[in-house]
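*Asks:* Before we start, here is the structure in question, set down as structure tokens.
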Amino acid sequence: MLQRLSIEWMKLKHYRTFWILSLLYMVSIFGANYIVFRVQQAIYEEKQSKGMAELVLGTPPFAFPNVWHTTTYISSFLLFLPGLLMIISVTNEYSYRTHRQNIIDGWNRREFITMKIVLAAIGALISTVFVALTALLFGFVQGEPFTTEKGIFIFYFFIQALSYSLVALLFAILFKRGGLAIGIFFLYALVLENLIAGLMNRFLDYSGRYLPLESTDNLIPFPLLENVQRKIIKAPNITALLIVSLVYLVLYYFFINRKFETDDL
Amino acid sequence: MAILTVENLHKNYGIIQALKGVSFTVPKGSVFGILGPNGSGKTTMLGIIVGILRATSGSVKLFDETPTREHRKQIGTFLETPNFYHYLNAVQNLEIAAAIKGHGKEDIDKVLKMVSLDQRRLSKFSTYSLGMKQRLALASCMLGSPDVMIFDEPTNGLDPVGIAETRELIKKLNKEGKTIIMASHLLDEVEKVCTHVAILQKGTLITHGHVDEILIQEDIVEAGAADAQQLLAALQSFPGASKVKMNEVHAEAFFPTGTANLEAVNQYCFNKGITLNHLRLRKKSLEAKFFELTQNNK
């Protein structure tokens, strides 16, 4: 396993596109949170608006423990990027035909595809760690005492990141060509699923929440005005969402393996 | 021990039958050529042998066993195109191949020298010419010095010098005791390099065996005289001729390779009272032989 991991590392180590995008992704996580943080600062620093904000929003969103929720929510909008990296690194193998050569040279199909799944998990883990560090940073800057209350959102974020990466991997294996897989992944993640979910939520009693990416998106709901939200929309059942998300992850795992093992490469 | 045994192999792509029940055996120490025109199923068959395509039915055995990754690690394979990471250089690419095969880096310099790529070892693969990519693929096959190598059209895209070098390399590897399985659509390449041949056409194995038996070459003696019919009749009874017939202008007598003797033919005809006005020795072309083999199976 470690030996195979070192081979994947050899593939990525000198791949500049990957590193540039990874770096920009990290910068963007920090940047996106910083933008919202600045808005919060502006509101809470001015006396008049501060009173209003405290009345409506309660404690600042970047203060512990809310910061765990706020940061993971904001950062989750950038999760298409690890998905993109996943698609690039897999469809590259298809276009260079190195997926064939790796098998020819002595890997099993299972070994090859397992490494891609492991990469997705590592990517999700690194994203999560970085988001956690970002949350800590803003939490401490805000100045409230540290607490792990609401820290569960970091775990939800990991599930969400893993879900996005595995859906991306699945699309890469289904469509094989980079442009096509990226296009469909973006359209699905950003538009199509939200559209279907919206319709299902409207007409089929919020069942759209249990669609593949929606189920993990809903683990981290919009962090503000929760009381107002409760009056307008039905509260999500977090336990059910978590179970459904895990079931989806298992399904991705089996489907990715099965597809790669039975295909002509 | 047979290196490779293929039994009743079928492969369908939808309604297209790419392989229709192919069976043959590759003996140890041979250079086994798989000869066939484009689209005859050569690459499909090699793809099944190395595990990247799934056979519809039939079986493949490597070293008399069902193929696993351990068998593939003992075989250097170059299938269809050179497959490397474009953004890595030759050494980095070979490091990955060597690691997958379970070898260290110790062979890399040696194999790069063998294909004369050592000057460009640190250039990115994407900057290579087609011929260089091809040679890097050959180098990758030789990592760990495997006893068996599979080459799919190894000289495709090479210049004449490259072609000659590659053929010499294959012969040299075979002299060292290695078994080589190679696909080619070039008859003359198979004839020059291979000890055994299997001829594939439209997914069917037409014939296979020792090259000398399959691609028997014949000498043809072309003779002309004023009375062509008399000459033809005389040659019919010439000892050693396997077949005698007329072409457009001349009479043709066929002999097994190396047995045609122009002097004897001339003397024989003269003794029969025929004066020749044309006498020439021709080799039957391999292409003609190949067409003959494949035409019979239409």
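Every chain in the structure tokens has a letter given in the order shown (A, B, ...), and although residue numbers restart at 1 in each chain, ligands are simply numbered from 1 in the order shown.
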Counting only C-alpha atoms, which residues of chain A fall within 9 Å of chain B, and what is the closest atom pair for each with its distance in Å at one decimal, ordered by chain and rising number, as a Markdown table?

*Replies:*
```
| residue | atom | partner | partner_atom | distance |
| --- | --- | --- | --- | --- |
| A:Gln3 | CA | B:Ala99 | CA | 8.1 |
| A:Arg4 | CA | B:Ile100 | CA | 7.8 |
| A:Ile7 | CA | B:Ile96 | CA | 6.2 |
| A:Glu8 | CA | B:Ile96 | CA | 8.8 |
| A:Met10 | CA | B:Ile96 | CA | 7.0 |
| A:Lys11 | CA | B:Ile96 | CA | 7.7 |
| A:His14 | CA | B:Leu88 | CA | 6.9 |
| A:Tyr15 | CA | B:Tyr87 | CA | 6.6 |
| A:Arg16 | CA | B:Tyr87 | CA | 8.5 |
| A:Asn92 | CA | B:Tyr85 | CA | 8.3 |
| A:Glu93 | CA | B:Tyr85 | CA | 7.9 |
| A:Tyr96 | CA | B:Asn83 | CA | 5.8 |
| A:Arg97 | CA | B:Asn83 | CA | 5.4 |
| A:Thr98 | CA | B:Asn83 | CA | 5.3 |
| A:His99 | CA | B:Asn83 | CA | 8.7 |
| A:Arg100 | CA | B:Ile52 | CA | 6.3 |
| A:Gln101 | CA | B:Asn83 | CA | 6.2 |
| A:Asn102 | CA | B:Ile100 | CA | 7.0 |
| A:Ile103 | CA | B:Ile52 | CA | 7.0 |
| A:Ile104 | CA | B:Val50 | CA | 5.8 |
| A:Asp105 | CA | B:Lys101 | CA | 5.7 |
| A:Gly106 | CA | B:Lys73 | CA | 4.7 |
| A:Trp107 | CA | B:Arg69 | CA | 5.9 |
| A:Asn108 | CA | B:Arg69 | CA | 6.0 |
| A:Arg109 | CA | B:Ile52 | CA | 8.6 |
| A:Thr262 | CA | B:Arg54 | CA | 7.5 |
| A:Asp263 | CA | B:Arg54 | CA | 7.5 |
| A:Asp264 | CA | B:Leu53 | CA | 4.6 |
| A:Leu265 | CA | B:Ile52 | CA | 5.4 |
```

*Asks:* Need to verify the contact set: Pro154 (chain B), 9 Å, only C-alpha atoms, exclusion of same-chain residues closer than 3 positions in sequence. Can you return it as a PyMOL selection string?

*Replies:* chain B and resi 78-80+134-135+138+151+157-158+163+166-167+182-184

*Asks:* Restricted to N, CA and C atoms, what would the selected residues look like written as an mmCIF file, in the first residue's frame?

*Replies:*
```cif
data_model
loop_
_atom_site.group_PDB
_atom_site.id
_atom_site.type_symbol
_atom_site.label_atom_id
_atom_site.label_comp_id
_atom_site.auth_asym_id
_atom_site.auth_seq_id
_atom_site.Cartn_x
_atom_site.Cartn_y
_atom_site.Cartn_z
ATOM 1 N N PHE B 78 4.897 -3.641 -24.730
ATOM 2 C CA PHE B 78 4.707 -2.363 -25.411
ATOM 3 C C PHE B 78 3.500 -2.550 -26.313
ATOM 4 N N LEU B 79 2.368 -1.997 -25.910
ATOM 5 C CA LEU B 79 1.121 -2.232 -26.641
ATOM 6 C C LEU B 79 0.649 -0.981 -27.366
ATOM 7 N N GLU B 80 0.579 -1.070 -28.659
ATOM 8 C CA GLU B 80 -0.055 -0.067 -29.518
ATOM 9 C C GLU B 80 0.618 1.296 -29.536
ATOM 10 N N GLN B 134 8.726 5.946 -29.086
ATOM 11 C CA GLN B 134 8.737 4.516 -29.390
ATOM 12 C C GLN B 134 9.918 3.825 -28.709
ATOM 13 N N ARG B 135 11.082 4.462 -28.775
ATOM 14 C CA ARG B 135 12.280 3.849 -28.185
ATOM 15 C C ARG B 135 12.207 3.847 -26.660
ATOM 16 N N LEU B 138 10.288 0.861 -25.730
ATOM 17 C CA LEU B 138 11.124 -0.351 -25.786
ATOM 18 C C LEU B 138 12.024 -0.434 -24.551
ATOM 19 N N PHE B 151 5.799 -7.079 -28.087
ATOM 20 C CA PHE B 151 5.895 -5.813 -28.825
ATOM 21 C C PHE B 151 4.772 -5.737 -29.845
ATOM 22 N N GLY B 157 6.458 3.893 -37.281
ATOM 23 C CA GLY B 157 6.806 5.289 -37.081
ATOM 24 C C GLY B 157 8.289 5.571 -36.953
ATOM 25 N N LEU B 158 9.118 4.544 -37.046
ATOM 26 C CA LEU B 158 10.562 4.777 -36.950
ATOM 27 C C LEU B 158 11.154 5.045 -38.333
ATOM 28 N N ILE B 163 14.393 1.502 -37.613
ATOM 29 C CA ILE B 163 13.807 0.194 -37.907
ATOM 30 C C ILE B 163 14.888 -0.882 -37.849
ATOM 31 N N THR B 166 16.055 -1.455 -34.293
ATOM 32 C CA THR B 166 15.069 -2.175 -33.490
ATOM 33 C C THR B 166 15.069 -3.658 -33.822
ATOM 34 N N ARG B 167 15.149 -3.947 -35.112
ATOM 35 C CA ARG B 167 15.170 -5.369 -35.510
ATOM 36 C C ARG B 167 16.409 -6.070 -34.968
ATOM 37 N N MET B 182 5.636 -10.689 -31.067
ATOM 38 C CA MET B 182 5.484 -9.381 -31.685
ATOM 39 C C MET B 182 4.438 -9.381 -32.780
ATOM 40 N N ALA B 183 3.636 -8.330 -32.771
ATOM 41 C CA ALA B 183 2.619 -8.185 -33.804
ATOM 42 C C ALA B 183 3.153 -7.278 -34.888
ATOM 43 N N SER B 184 2.789 -7.577 -36.119
ATOM 44 C CA SER B 184 3.257 -6.743 -37.202
ATOM 45 C C SER B 184 2.325 -6.896 -38.392
#
```

*Asks:* Could you list, as a list in words, every residue within 8 Å of Lys176 (chain A), counting only C-alpha atoms and ignoring same-chain residues fewer than 5 positions away?

*Replies:*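 My list of contacting residues is Thr91, Tyr94, Phe171 and Ala181 of chain A.
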
*Asks:* With a distance cut-off of 10 Å and only C-alpha atoms, select the neighbouring residues of region 272-278 of chain B, excluding the residue or stretch itself and same-chain residues fewer than 6 positions from it, and output the selection as a PyMOL selection string.

*Replies:* chain B and resi 222-228+230-231+234-235+250-251+265-266

*Asks:* Those same residues - N, CA and C atoms - I'd like them written as a short mmCIF file (atom, residue, chain, number, x, y, z; two decimals), in the first residue's frame.

*Replies:*
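Just written: part_28.cif:
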```cif
data_model
loop_
_atom_site.label_atom_id
_atom_site.label_comp_id
_atom_site.auth_asym_id
_atom_site.auth_seq_id
_atom_site.Cartn_x
_atom_site.Cartn_y
_atom_site.Cartn_z
N GLU B 222 11.97 -18.42 -65.06
CA GLU B 222 11.18 -17.90 -66.18
C GLU B 222 11.93 -18.22 -67.45
N ALA B 223 11.27 -18.87 -68.38
CA ALA B 223 11.97 -19.22 -69.62
C ALA B 223 11.10 -18.86 -70.82
N GLY B 224 11.75 -18.46 -71.93
CA GLY B 224 11.00 -18.14 -73.13
C GLY B 224 11.65 -18.80 -74.35
N ALA B 225 10.82 -19.18 -75.31
CA ALA B 225 11.34 -19.74 -76.56
C ALA B 225 10.37 -19.39 -77.67
N ALA B 226 10.78 -19.59 -78.89
CA ALA B 226 9.93 -19.25 -80.03
C ALA B 226 8.61 -20.01 -79.94
N ASP B 227 8.71 -21.32 -79.66
CA ASP B 227 7.49 -22.11 -79.52
C ASP B 227 7.19 -22.30 -78.03
N ALA B 228 6.37 -21.48 -77.51
CA ALA B 228 6.11 -21.48 -76.07
C ALA B 228 5.45 -22.78 -75.61
N GLN B 230 5.73 -25.80 -76.87
CA GLN B 230 6.72 -26.88 -76.85
C GLN B 230 7.59 -26.78 -75.61
N LEU B 231 7.94 -25.53 -75.26
CA LEU B 231 8.77 -25.28 -74.08
C LEU B 231 8.03 -25.70 -72.81
N ALA B 234 7.97 -29.39 -72.49
CA ALA B 234 9.27 -29.92 -72.10
C ALA B 234 9.54 -29.73 -70.61
N LEU B 235 9.18 -28.52 -70.13
CA LEU B 235 9.46 -28.22 -68.71
C LEU B 235 8.59 -29.05 -67.77
N HIS B 250 5.90 -15.84 -70.77
CA HIS B 250 6.90 -16.87 -70.54
C HIS B 250 6.34 -18.08 -69.81
N ALA B 251 7.12 -19.15 -69.90
CA ALA B 251 6.80 -20.33 -69.09
C ALA B 251 7.46 -20.17 -67.72
N VAL B 265 18.54 -26.16 -66.56
CA VAL B 265 17.32 -25.91 -67.35
C VAL B 265 17.70 -25.63 -68.79
N ASN B 266 18.69 -24.80 -68.94
CA ASN B 266 19.13 -24.42 -70.28
C ASN B 266 19.60 -25.67 -71.06
#
```

*Asks:* Running DSSP on the backbone, which parts of region 102-170 of chain B land in strand (DSSP E), as a PDB file with N, CA and C atoms, in the first residue's frame?

*Replies:*
```pdb
ATOM      1  N   VAL B 148      10.451 -12.563 -21.136  1.00  0.00           N
ATOM      2  CA  VAL B 148       9.465 -12.526 -22.212  1.00  0.00           C
ATOM      3  C   VAL B 148       9.109 -11.071 -22.508  1.00  0.00           C
ATOM      4  N   MET B 149       9.020 -10.754 -23.800  1.00  0.00           N
ATOM      5  CA  MET B 149       8.611  -9.395 -24.161  1.00  0.00           C
ATOM      6  C   MET B 149       7.542  -9.452 -25.229  1.00  0.00           C
ATOM      7  N   ILE B 150       6.603  -8.526 -25.123  1.00  0.00           N
ATOM      8  CA  ILE B 150       5.537  -8.445 -26.114  1.00  0.00           C
ATOM      9  C   ILE B 150       5.622  -7.068 -26.774  1.00  0.00           C
ATOM     10  N   PHE B 151       5.799  -7.079 -28.087  1.00  0.00           N
ATOM     11  CA  PHE B 151       5.895  -5.813 -28.825  1.00  0.00           C
ATOM     12  C   PHE B 151       4.772  -5.737 -29.845  1.00  0.00           C
ATOM     13  N   ASP B 152       4.067  -4.634 -29.858  1.00  0.00           N
ATOM     14  CA  ASP B 152       2.995  -4.441 -30.831  1.00  0.00           C
ATOM     15  C   ASP B 152       3.483  -3.435 -31.868  1.00  0.00           C
TER      16      ASP B 152
END
```

*Asks:* Applying 8 Å and only C-alpha atoms, which residues near Gln201 (chain B) remain after dropping the ones on its own chain fewer than 5 positions away? List them as a list in words.

*Replies:*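 Here the qualifying residues turn out to be Gly36, Pro37, Ser40, Gly41, Ile206 and Thr294 of chain B.
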
*Asks:* Hey, what's within 9 Å of region 239-247 of chain B if we count only C-alpha atoms and toss same-chain stuff fewer than 3 positions away? As a list in words, please?

*Replies:*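 Counting only C-alpha atoms, the residues come to Ala228, Gln229, Leu232, Leu235, Gln236, His250, Ala251, Glu252, Ala253, Phe254, Phe255, Pro256, Thr259 and Ala260 of chain B.
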
*Asks:* Any chance you can output those residues with N, CA and C atoms as a JSON list (two decimals), in the first residue's frame?

*Replies:*
```json
[["chain", "number", "residue", "atom", "x", "y", "z"],
["B", 228, "ALA", "N", 6.37, -21.48, -77.51],
["B", 228, "ALA", "CA", 6.11, -21.48, -76.07],
["B", 228, "ALA", "C", 5.45, -22.78, -75.61],
["B", 229, "GLN", "N", 4.54, -23.32, -76.41],
["B", 229, "GLN", "CA", 3.83, -24.53, -76.02],
["B", 229, "GLN", "C", 4.78, -25.72, -75.91],
["B", 232, "LEU", "N", 6.77, -25.33, -72.75],
["B", 232, "LEU", "CA", 5.96, -25.67, -71.58],
["B", 232, "LEU", "C", 5.89, -27.18, -71.41],
["B", 235, "LEU", "N", 9.18, -28.52, -70.13],
["B", 235, "LEU", "CA", 9.46, -28.22, -68.71],
["B", 235, "LEU", "C", 8.59, -29.05, -67.77],
["B", 236, "GLN", "N", 7.40, -29.44, -68.24],
["B", 236, "GLN", "CA", 6.51, -30.26, -67.39],
["B", 236, "GLN", "C", 7.25, -31.49, -66.86],
["B", 250, "HIS", "N", 5.90, -15.84, -70.77],
["B", 250, "HIS", "CA", 6.90, -16.87, -70.54],
["B", 250, "HIS", "C", 6.34, -18.08, -69.81],
["B", 251, "ALA", "N", 7.12, -19.15, -69.90],
["B", 251, "ALA", "CA", 6.80, -20.33, -69.09],
["B", 251, "ALA", "C", 7.46, -20.17, -67.72],
["B", 252, "GLU", "N", 6.80, -20.61, -66.66],
["B", 252, "GLU", "CA", 7.36, -20.50, -65.31],
["B", 252, "GLU", "C", 7.43, -21.87, -64.67],
["B", 253, "ALA", "N", 8.61, -22.20, -64.16],
["B", 253, "ALA", "CA", 8.75, -23.46, -63.43],
["B", 253, "ALA", "C", 9.09, -23.13, -61.99],
["B", 254, "PHE", "N", 8.39, -23.74, -61.02],
["B", 254, "PHE", "CA", 8.58, -23.45, -59.61],
["B", 254, "PHE", "C", 9.46, -24.51, -58.96],
["B", 255, "PHE", "N", 10.41, -24.05, -58.14],
["B", 255, "PHE", "CA", 11.31, -24.97, -57.42],
["B", 255, "PHE", "C", 11.37, -24.57, -55.95],
["B", 256, "PRO", "N", 11.58, -25.54, -55.08],
["B", 256, "PRO", "CA", 11.85, -25.19, -53.68],
["B", 256, "PRO", "C", 13.08, -24.30, -53.60],
["B", 259, "THR", "N", 16.97, -24.67, -55.09],
["B", 259, "THR", "CA", 17.20, -25.86, -55.92],
["B", 259, "THR", "C", 17.14, -25.57, -57.42],
["B", 260, "ALA", "N", 16.75, -24.36, -57.76],
["B", 260, "ALA", "CA", 16.67, -24.05, -59.20],
["B", 260, "ALA", "C", 18.07, -23.88, -59.77]]
```

*Asks:* Using DSSP on the backbone, list every residue of region 7-216 of chain B that comes out as helix (DSSP H, G or I), and give them as a CSV table (one decimal) with C-alpha atoms, in the first residue's frame.

*Replies:*
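And here's states20.csv as it stands now:
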```csv
chain,number,residue,atom,x,y,z
B,42,LYS,CA,-3.7,-8.4,-33.4
B,43,THR,CA,-3.9,-5.6,-30.8
B,44,THR,CA,-7.2,-6.9,-29.4
B,45,MET,CA,-5.5,-10.3,-28.8
B,46,LEU,CA,-2.4,-8.8,-27.2
B,47,GLY,CA,-4.7,-6.6,-25.0
B,48,ILE,CA,-6.5,-9.7,-23.7
B,49,ILE,CA,-3.2,-11.4,-23.1
B,69,ARG,CA,-0.1,-9.4,-12.0
B,70,GLU,CA,2.9,-11.5,-11.0
B,71,HIS,CA,3.1,-12.9,-14.6
B,72,ARG,CA,2.7,-9.5,-16.1
B,73,LYS,CA,5.6,-8.2,-14.0
B,90,ALA,CA,12.3,9.7,-19.4
B,91,VAL,CA,13.9,8.9,-16.1
B,92,GLN,CA,10.9,9.8,-14.0
B,93,ASN,CA,8.6,7.8,-16.3
B,94,LEU,CA,10.9,4.8,-16.1
B,95,GLU,CA,11.1,5.1,-12.3
B,96,ILE,CA,7.3,4.7,-12.2
B,97,ALA,CA,7.3,1.7,-14.5
B,98,ALA,CA,10.2,0.1,-12.6
B,99,ALA,CA,8.4,0.7,-9.3
B,100,ILE,CA,5.2,-0.9,-10.6
B,101,LYS,CA,7.2,-3.9,-11.8
B,108,ILE,CA,17.2,2.8,-15.9
B,109,ASP,CA,20.6,4.2,-17.2
B,110,LYS,CA,21.3,0.9,-18.9
B,111,VAL,CA,18.1,0.6,-20.8
B,112,LEU,CA,18.2,4.2,-21.9
B,113,LYS,CA,21.6,3.6,-23.3
B,114,MET,CA,20.4,0.5,-25.2
B,118,ASP,CA,20.6,8.7,-22.6
B,119,GLN,CA,21.3,12.2,-24.1
B,120,ARG,CA,17.7,13.2,-23.7
B,125,PHE,CA,8.2,13.1,-22.7
B,126,SER,CA,6.0,15.6,-24.4
B,127,THR,CA,9.0,17.1,-26.2
B,130,LEU,CA,7.5,9.8,-32.3
B,131,GLY,CA,10.6,7.7,-32.8
B,132,MET,CA,12.0,8.7,-29.4
B,133,LYS,CA,8.7,7.9,-27.7
B,134,GLN,CA,8.7,4.5,-29.4
B,135,ARG,CA,12.3,3.8,-28.2
B,136,LEU,CA,11.4,4.9,-24.6
B,137,ALA,CA,8.6,2.3,-24.7
B,138,LEU,CA,11.1,-0.4,-25.8
B,139,ALA,CA,13.5,0.8,-23.0
B,140,SER,CA,10.6,0.4,-20.5
B,141,CYS,CA,10.0,-3.2,-21.7
B,160,PRO,CA,15.0,3.4,-41.6
B,161,VAL,CA,17.9,3.5,-39.2
B,162,GLY,CA,15.5,3.1,-36.2
B,163,ILE,CA,13.8,0.2,-37.9
B,164,ALA,CA,17.1,-1.6,-38.5
B,165,GLU,CA,18.3,-0.9,-35.0
B,166,THR,CA,15.1,-2.2,-33.5
B,167,ARG,CA,15.2,-5.4,-35.5
B,168,GLU,CA,18.8,-5.9,-34.5
B,169,LEU,CA,17.8,-5.3,-30.9
B,170,ILE,CA,15.0,-7.9,-31.1
B,171,LYS,CA,17.4,-10.5,-32.6
B,172,LYS,CA,20.0,-9.7,-30.0
B,173,LEU,CA,17.5,-10.2,-27.2
B,174,ASN,CA,16.4,-13.4,-28.7
B,175,LYS,CA,20.0,-14.6,-28.8
B,187,LEU,CA,5.5,-9.4,-43.8
B,188,ASP,CA,9.1,-8.7,-44.5
B,189,GLU,CA,9.7,-7.7,-40.9
B,190,VAL,CA,8.2,-11.0,-39.7
B,191,GLU,CA,10.3,-12.9,-42.2
B,192,LYS,CA,13.5,-11.1,-41.2
B,193,VAL,CA,13.1,-11.3,-37.4
B,211,VAL,CA,8.4,-19.3,-40.3
B,212,ASP,CA,10.3,-21.5,-42.8
B,213,GLU,CA,7.2,-23.7,-43.1
B,214,ILE,CA,4.6,-21.1,-43.4
```

*Asks:* Could you name the residues that touch region 203-207 of chain A at 12 Å or less, counting only C-alpha atoms, but leaving out those on the same chain fewer than 2 positions away, as a PyMOL selection string?

*Replies:* chain A and resi 196-201+209-212+214-215+218+233-237+240-241+244

*Asks:* With C-alpha atoms kept, could you save the residues just selected as a PDB file, in the first residue's frame?

*Replies:*
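Final file, selection.pdb:
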```
ATOM      1  CA  ILE A 196     -34.033  18.739  -9.224  1.00  0.00           C
ATOM      2  CA  ALA A 197     -33.697  19.107  -5.449  1.00  0.00           C
ATOM      3  CA  GLY A 198     -35.649  22.356  -5.533  1.00  0.00           C
ATOM      4  CA  LEU A 199     -38.487  20.744  -7.440  1.00  0.00           C
ATOM      5  CA  MET A 200     -38.519  17.659  -5.226  1.00  0.00           C
ATOM      6  CA  ASN A 201     -38.441  19.774  -2.072  1.00  0.00           C
ATOM      7  CA  ARG A 209     -32.497  16.814   0.342  1.00  0.00           C
ATOM      8  CA  TYR A 210     -31.567  13.165  -0.036  1.00  0.00           C
ATOM      9  CA  LEU A 211     -30.080  13.467  -3.512  1.00  0.00           C
ATOM     10  CA  PRO A 212     -26.375  12.469  -3.696  1.00  0.00           C
ATOM     11  CA  GLU A 214     -27.621  17.554  -1.539  1.00  0.00           C
ATOM     12  CA  SER A 215     -27.562  15.051   1.313  1.00  0.00           C
ATOM     13  CA  ASN A 218     -27.617  19.769   3.957  1.00  0.00           C
ATOM     14  CA  ILE A 233     -38.828  25.439   5.837  1.00  0.00           C
ATOM     15  CA  LYS A 234     -38.905  22.051   7.510  1.00  0.00           C
ATOM     16  CA  ALA A 235     -35.867  21.316   9.701  1.00  0.00           C
ATOM     17  CA  PRO A 236     -33.527  18.758   8.113  1.00  0.00           C
ATOM     18  CA  ASN A 237     -33.166  15.407   9.862  1.00  0.00           C
ATOM     19  CA  ALA A 240     -31.132  10.570   8.326  1.00  0.00           C
ATOM     20  CA  LEU A 241     -28.953  12.812   6.155  1.00  0.00           C
ATOM     21  CA  VAL A 244     -27.964   8.527   3.516  1.00  0.00           C
TER      22      VAL A 244
END
```

*Asks:* Given only C-alpha atoms as the basis, pick out the residue of A:Ile122, A:Met26, A:Leu79, A:Ile184 nearest to Ala172 (chain A).

*Replies:*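 When distances to Ala172 (chain A) are compared using only C-alpha atoms, the smallest one comes from A:Ile184.
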
*Asks:* Just the number, please: distance in Å from CA of Ile34 (chain B) to CA of Thr5 (chain B), one decimal.

*Replies:*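 Separation of CA of Ile34 (chain B) and CA of Thr5 (chain B): 13.7 Å.
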